[in-house]
Amino acid sequence: MADRTLAAFEQENAKLRQELGRVNRERVEYLQNVSHQLVAPLNAIKWHIENLTQGRVGVERGKKVLRSVYSQATLAVHLAKNFALMSNLESDLELSALREPLQPVNLCQLLINLADDFQPQGWDKELQIYVEDSPLEKAPDVLVIRPLVSQVFTNLIENAVKYAKRSSNIVITGEHDPKRDLVLVSVRNHGIPLRPEDTTKVFDRGYRTQEAKNLYPAGTGFGLYIASKIVAVHEGSISAFMDSRGQVVFNVSLPVKALAGKARVRDPKNRPSC
Ligand SMILES: Nc1ncnc2c1ncn2[C@@H]1O[C@H](COP(=O)(O)OP(=O)(O)OP(=O)(O)O)[C@@H](O)[C@H]1O
Ligand SMILES: [Mg+2]
């Protein structure tokens, strides 16, 4: 009897060690992937600045170089933010356990700011990012953790820019659904396909489609996983599909005030401007 208990215990122990080994390997792979991806934009910035300071570029070309420095720095910052979020989001998240307070956020303004942030990166591929302000501008503010929700849309817009085909448009729309009292935002682009069998898998940790791996080898496969975790914490939903015209659409819905009373709310006097 004691032998059997010991054998079962050892079996369980071996399983746990195997699982721990797998998690550790994944962690190391992720760290290597992130550091590899961070080095690329930082090297590009270094190289551009070297060219500028050595006077190797004229004024007109200099403007382009500075735009590129800005895009590369934006990429590096977003990557670092995702990295920081990963450690927070790994454990099962409770809204009340998060350090940041809830605050009313105007999604229209937030999306316009993010689109402006990513437009220089878009220019490199002749992409235009549009935020259709009607009817989104009429939507009420949503009560959310601003930096987290900003990261959700950052990850979606970053993907749209990365996976869009050259000379195409990225269109962001949104509206208020008064019945369910939520704001629905859609981000659309035309580029690599998203097959029906991949529409849920893309939210899994580390999952990348074959086309993404072939055409854009750099990527951790964590951006959408992070986005889906954040949306879940906010009691919202996120989904993806490819429409009949071949556009890839990501939909995010966030409740307007369902979270009131569930976490600390920022003092309105300390509210940062959009
Ligand atoms: N707009 C899009 N069009 C087509 N496929 C997409 C789009 N956005 C995401 N995908 C697919 O979903 C996968 C997961 O996206 P996710 O953002 O999580 O990771 P990633 O972009 O590969 O890497 P990173 O962690 O650097 O963001 C992508 O690799 C790609 O296969
Ligand atoms: Mg991504």
# chains A, B, ... in the order shown; residues from 1 in each chain; ligands from 1

call {"tool": "select_by_dssp", "arguments": {"residues": "range 7-111 of chain A", "states": "strand (DSSP E or B)", "output": "ChimeraX atom specification"}}
result
/A:102-105

call {"tool": "write_last_selection", "arguments": {"atoms": "N, CA and C atoms", "output": "PDB file, in the first residue's frame"}}
result
ATOM      1  N   LEU A 102      -9.245  52.483 -12.375  1.00  0.00           N
ATOM      2  CA  LEU A 102     -10.141  52.646 -13.527  1.00  0.00           C
ATOM      3  C   LEU A 102     -10.318  54.134 -13.791  1.00  0.00           C
ATOM      4  N   GLN A 103     -10.548  54.494 -15.033  1.00  0.00           N
ATOM      5  CA  GLN A 103     -10.849  55.884 -15.344  1.00  0.00           C
ATOM      6  C   GLN A 103     -11.677  55.955 -16.621  1.00  0.00           C
ATOM      7  N   PRO A 104     -12.508  56.991 -16.758  1.00  0.00           N
ATOM      8  CA  PRO A 104     -13.301  57.098 -17.985  1.00  0.00           C
ATOM      9  C   PRO A 104     -12.384  57.447 -19.160  1.00  0.00           C
ATOM     10  N   VAL A 105     -12.500  56.683 -20.234  1.00  0.00           N
ATOM     11  CA  VAL A 105     -11.620  56.897 -21.390  1.00  0.00           C
ATOM     12  C   VAL A 105     -12.463  57.098 -22.641  1.00  0.00           C
TER      13      VAL A 105
END

call {"tool": "residues_near_ligand", "arguments": {"ligand": "ligand 2", "cutoff": "9 Å", "atoms": "only C-alpha atoms and all ligand atoms", "output": "list in words"}}
result
Asn155, Leu156, Ile157, Glu158, Asn159, Ala160, Lys162, Tyr163, Gly219, Thr220, Gly221, Phe222, Gly223 and Leu224 of chain A

call {"tool": "write_last_selection", "arguments": {"atoms": "C-alpha atoms", "output": "CSV table (one decimal), in the first residue's frame"}}
result
chain,number,residue,atom,x,y,z
A,155,ASN,CA,-1.2,45.5,-30.4
A,156,LEU,CA,-4.1,45.4,-32.9
A,157,ILE,CA,-2.9,48.5,-34.9
A,158,GLU,CA,0.7,47.3,-34.8
A,159,ASN,CA,-0.5,43.9,-36.3
A,160,ALA,CA,-2.6,45.7,-38.9
A,162,LYS,CA,2.7,44.7,-39.9
A,163,TYR,CA,0.4,42.3,-41.8
A,219,GLY,CA,7.2,38.1,-33.8
A,220,THR,CA,6.6,36.5,-30.5
A,221,GLY,CA,3.0,35.6,-30.9
A,222,PHE,CA,2.2,37.2,-27.6
A,223,GLY,CA,0.5,40.4,-28.7
A,224,LEU,CA,-3.0,39.0,-29.2

call {"tool": "closest_atom_pairs", "arguments": {"of": "chain A", "to": "ligand 1", "cutoff": "9 Å", "atoms": "only C-alpha atoms and all ligand atoms", "output": "Markdown table"}}
result
| residue | atom | partner | partner_atom_place_in_ligand_line | distance |
| --- | --- | --- | --- | --- |
| A:Asn33 | CA | ligand 1 | 26 (O) | 8.9 |
| A:Val34 | CA | ligand 1 | 26 (O) | 8.1 |
| A:Gln37 | CA | ligand 1 | 26 (O) | 7.9 |
| A:Leu79 | CA | ligand 1 | 26 (O) | 7.1 |
| A:Asn82 | CA | ligand 1 | 25 (O) | 8.0 |
| A:Asn155 | CA | ligand 1 | 17 (O) | 6.1 |
| A:Leu156 | CA | ligand 1 | 8 (N) | 6.6 |
| A:Ile157 | CA | ligand 1 | 1 (N) | 7.9 |
| A:Glu158 | CA | ligand 1 | 27 (O) | 7.4 |
| A:Asn159 | CA | ligand 1 | 8 (N) | 4.6 |
| A:Ala160 | CA | ligand 1 | 1 (N) | 4.1 |
| A:Val161 | CA | ligand 1 | 1 (N) | 7.5 |
| A:Lys162 | CA | ligand 1 | 1 (N) | 7.5 |
| A:Tyr163 | CA | ligand 1 | 3 (N) | 5.2 |
| A:Ala164 | CA | ligand 1 | 1 (N) | 6.7 |
| A:Val187 | CA | ligand 1 | 1 (N) | 8.2 |
| A:Arg188 | CA | ligand 1 | 1 (N) | 7.1 |
| A:Asn189 | CA | ligand 1 | 1 (N) | 6.0 |
| A:His190 | CA | ligand 1 | 3 (N) | 7.3 |
| A:Gly191 | CA | ligand 1 | 3 (N) | 6.1 |
| A:Ile192 | CA | ligand 1 | 4 (C) | 5.0 |
| A:Pro193 | CA | ligand 1 | 4 (C) | 5.3 |
| A:Leu194 | CA | ligand 1 | 4 (C) | 5.1 |
| A:Arg195 | CA | ligand 1 | 5 (N) | 8.7 |
| A:Asp198 | CA | ligand 1 | 12 (O) | 7.9 |
| A:Thr199 | CA | ligand 1 | 12 (O) | 8.2 |
| A:Lys201 | CA | ligand 1 | 12 (O) | 8.1 |
| A:Val202 | CA | ligand 1 | 12 (O) | 4.5 |
| A:Phe203 | CA | ligand 1 | 18 (O) | 6.3 |
| A:Asp204 | CA | ligand 1 | 18 (O) | 7.7 |
| A:Arg205 | CA | ligand 1 | 18 (O) | 7.3 |
| A:Gly206 | CA | ligand 1 | 18 (O) | 6.7 |
| A:Tyr207 | CA | ligand 1 | 14 (C) | 5.7 |
| A:Arg208 | CA | ligand 1 | 29 (O) | 3.5 |
| A:Thr209 | CA | ligand 1 | 31 (O) | 3.7 |
| A:Gln210 | CA | ligand 1 | 31 (O) | 6.7 |
| A:Glu211 | CA | ligand 1 | 31 (O) | 6.5 |
| A:Ala212 | CA | ligand 1 | 31 (O) | 4.5 |
| A:Lys213 | CA | ligand 1 | 29 (O) | 6.7 |
| A:Tyr216 | CA | ligand 1 | 22 (O) | 8.0 |
| A:Pro217 | CA | ligand 1 | 22 (O) | 8.2 |
| A:Ala218 | CA | ligand 1 | 26 (O) | 6.8 |
| A:Gly219 | CA | ligand 1 | 23 (O) | 3.4 |
| A:Thr220 | CA | ligand 1 | 25 (O) | 3.7 |
| A:Gly221 | CA | ligand 1 | 19 (O) | 3.1 |
| A:Phe222 | CA | ligand 1 | 25 (O) | 3.9 |
| A:Gly223 | CA | ligand 1 | 18 (O) | 3.6 |
| A:Leu224 | CA | ligand 1 | 18 (O) | 3.7 |
| A:Tyr225 | CA | ligand 1 | 18 (O) | 5.6 |
| A:Ile226 | CA | ligand 1 | 18 (O) | 7.6 |
| A:Ala227 | CA | ligand 1 | 18 (O) | 8.2 |
| A:Ala240 | CA | ligand 1 | 7 (C) | 8.7 |
| A:Met242 | CA | ligand 1 | 4 (C) | 8.5 |
| A:Gln247 | CA | ligand 1 | 3 (N) | 8.1 |
| A:Val248 | CA | ligand 1 | 3 (N) | 5.4 |
| A:Val249 | CA | ligand 1 | 1 (N) | 7.1 |
| A:Phe250 | CA | ligand 1 | 1 (N) | 7.5 |

call {"tool": "closest_residue", "arguments": {"among": "A:Val152, A:Val183, A:Leu259, A:Ile170", "to": "Phe118 in chain A", "atoms": "only C-alpha atoms"}}
result
A:Ile170

call {"tool": "residues_around", "arguments": {"residues": "Gly174 in chain A", "least_positions_apart": "4", "cutoff": "6 Å", "atoms": "only C-alpha atoms", "output": "list in words"}}
result
Leu136, Leu184 and Val185 of chain A

call {"tool": "decode", "arguments": {"residues": "range 236-253 of chain A", "atoms": "N, CA and C atoms", "output": "short mmCIF file (atom, residue, chain, number, x, y, z; two decimals), in the first residue's frame"}}
result
data_model
loop_
_atom_site.label_atom_id
_atom_site.label_comp_id
_atom_site.auth_asym_id
_atom_site.auth_seq_id
_atom_site.Cartn_x
_atom_site.Cartn_y
_atom_site.Cartn_z
N GLY A 236 -14.88 42.37 -21.26
CA GLY A 236 -15.25 42.64 -22.65
C GLY A 236 -15.02 41.40 -23.49
N SER A 237 -15.01 41.58 -24.81
CA SER A 237 -14.74 40.42 -25.67
C SER A 237 -13.88 40.85 -26.86
N ILE A 238 -13.17 39.88 -27.42
CA ILE A 238 -12.33 40.15 -28.59
C ILE A 238 -12.47 38.97 -29.53
N SER A 239 -12.56 39.26 -30.83
CA SER A 239 -12.68 38.17 -31.80
C SER A 239 -12.11 38.64 -33.14
N ALA A 240 -11.90 37.67 -34.02
CA ALA A 240 -11.33 38.01 -35.33
C ALA A 240 -11.99 37.18 -36.41
N PHE A 241 -12.03 37.71 -37.62
CA PHE A 241 -12.50 36.94 -38.76
C PHE A 241 -12.01 37.61 -40.05
N MET A 242 -12.15 36.87 -41.16
CA MET A 242 -11.82 37.47 -42.45
C MET A 242 -13.14 37.62 -43.20
N ASP A 243 -13.44 38.83 -43.67
CA ASP A 243 -14.73 39.04 -44.32
C ASP A 243 -14.69 38.58 -45.78
N SER A 244 -15.83 38.71 -46.46
CA SER A 244 -15.95 38.15 -47.81
C SER A 244 -15.03 38.86 -48.81
N ARG A 245 -14.57 40.09 -48.46
CA ARG A 245 -13.65 40.80 -49.37
C ARG A 245 -12.19 40.54 -49.02
N GLY A 246 -11.98 39.61 -48.08
CA GLY A 246 -10.60 39.25 -47.73
C GLY A 246 -9.96 40.18 -46.71
N GLN A 247 -10.78 41.04 -46.10
CA GLN A 247 -10.23 41.93 -45.06
C GLN A 247 -10.19 41.20 -43.74
N VAL A 248 -9.11 41.38 -42.99
CA VAL A 248 -9.05 40.79 -41.65
C VAL A 248 -9.61 41.81 -40.66
N VAL A 249 -10.56 41.36 -39.85
CA VAL A 249 -11.24 42.27 -38.93
C VAL A 249 -11.05 41.78 -37.49
N PHE A 250 -10.61 42.69 -36.63
CA PHE A 250 -10.54 42.38 -35.21
C PHE A 250 -11.58 43.25 -34.50
N ASN A 251 -12.48 42.61 -33.74
CA ASN A 251 -13.52 43.33 -32.99
C ASN A 251 -13.24 43.27 -31.50
N VAL A 252 -13.34 44.42 -30.87
CA VAL A 252 -13.18 44.47 -29.41
C VAL A 252 -14.41 45.16 -28.84
N SER A 253 -15.01 44.56 -27.81
CA SER A 253 -16.09 45.30 -27.16
C SER A 253 -15.74 45.49 -25.69
#
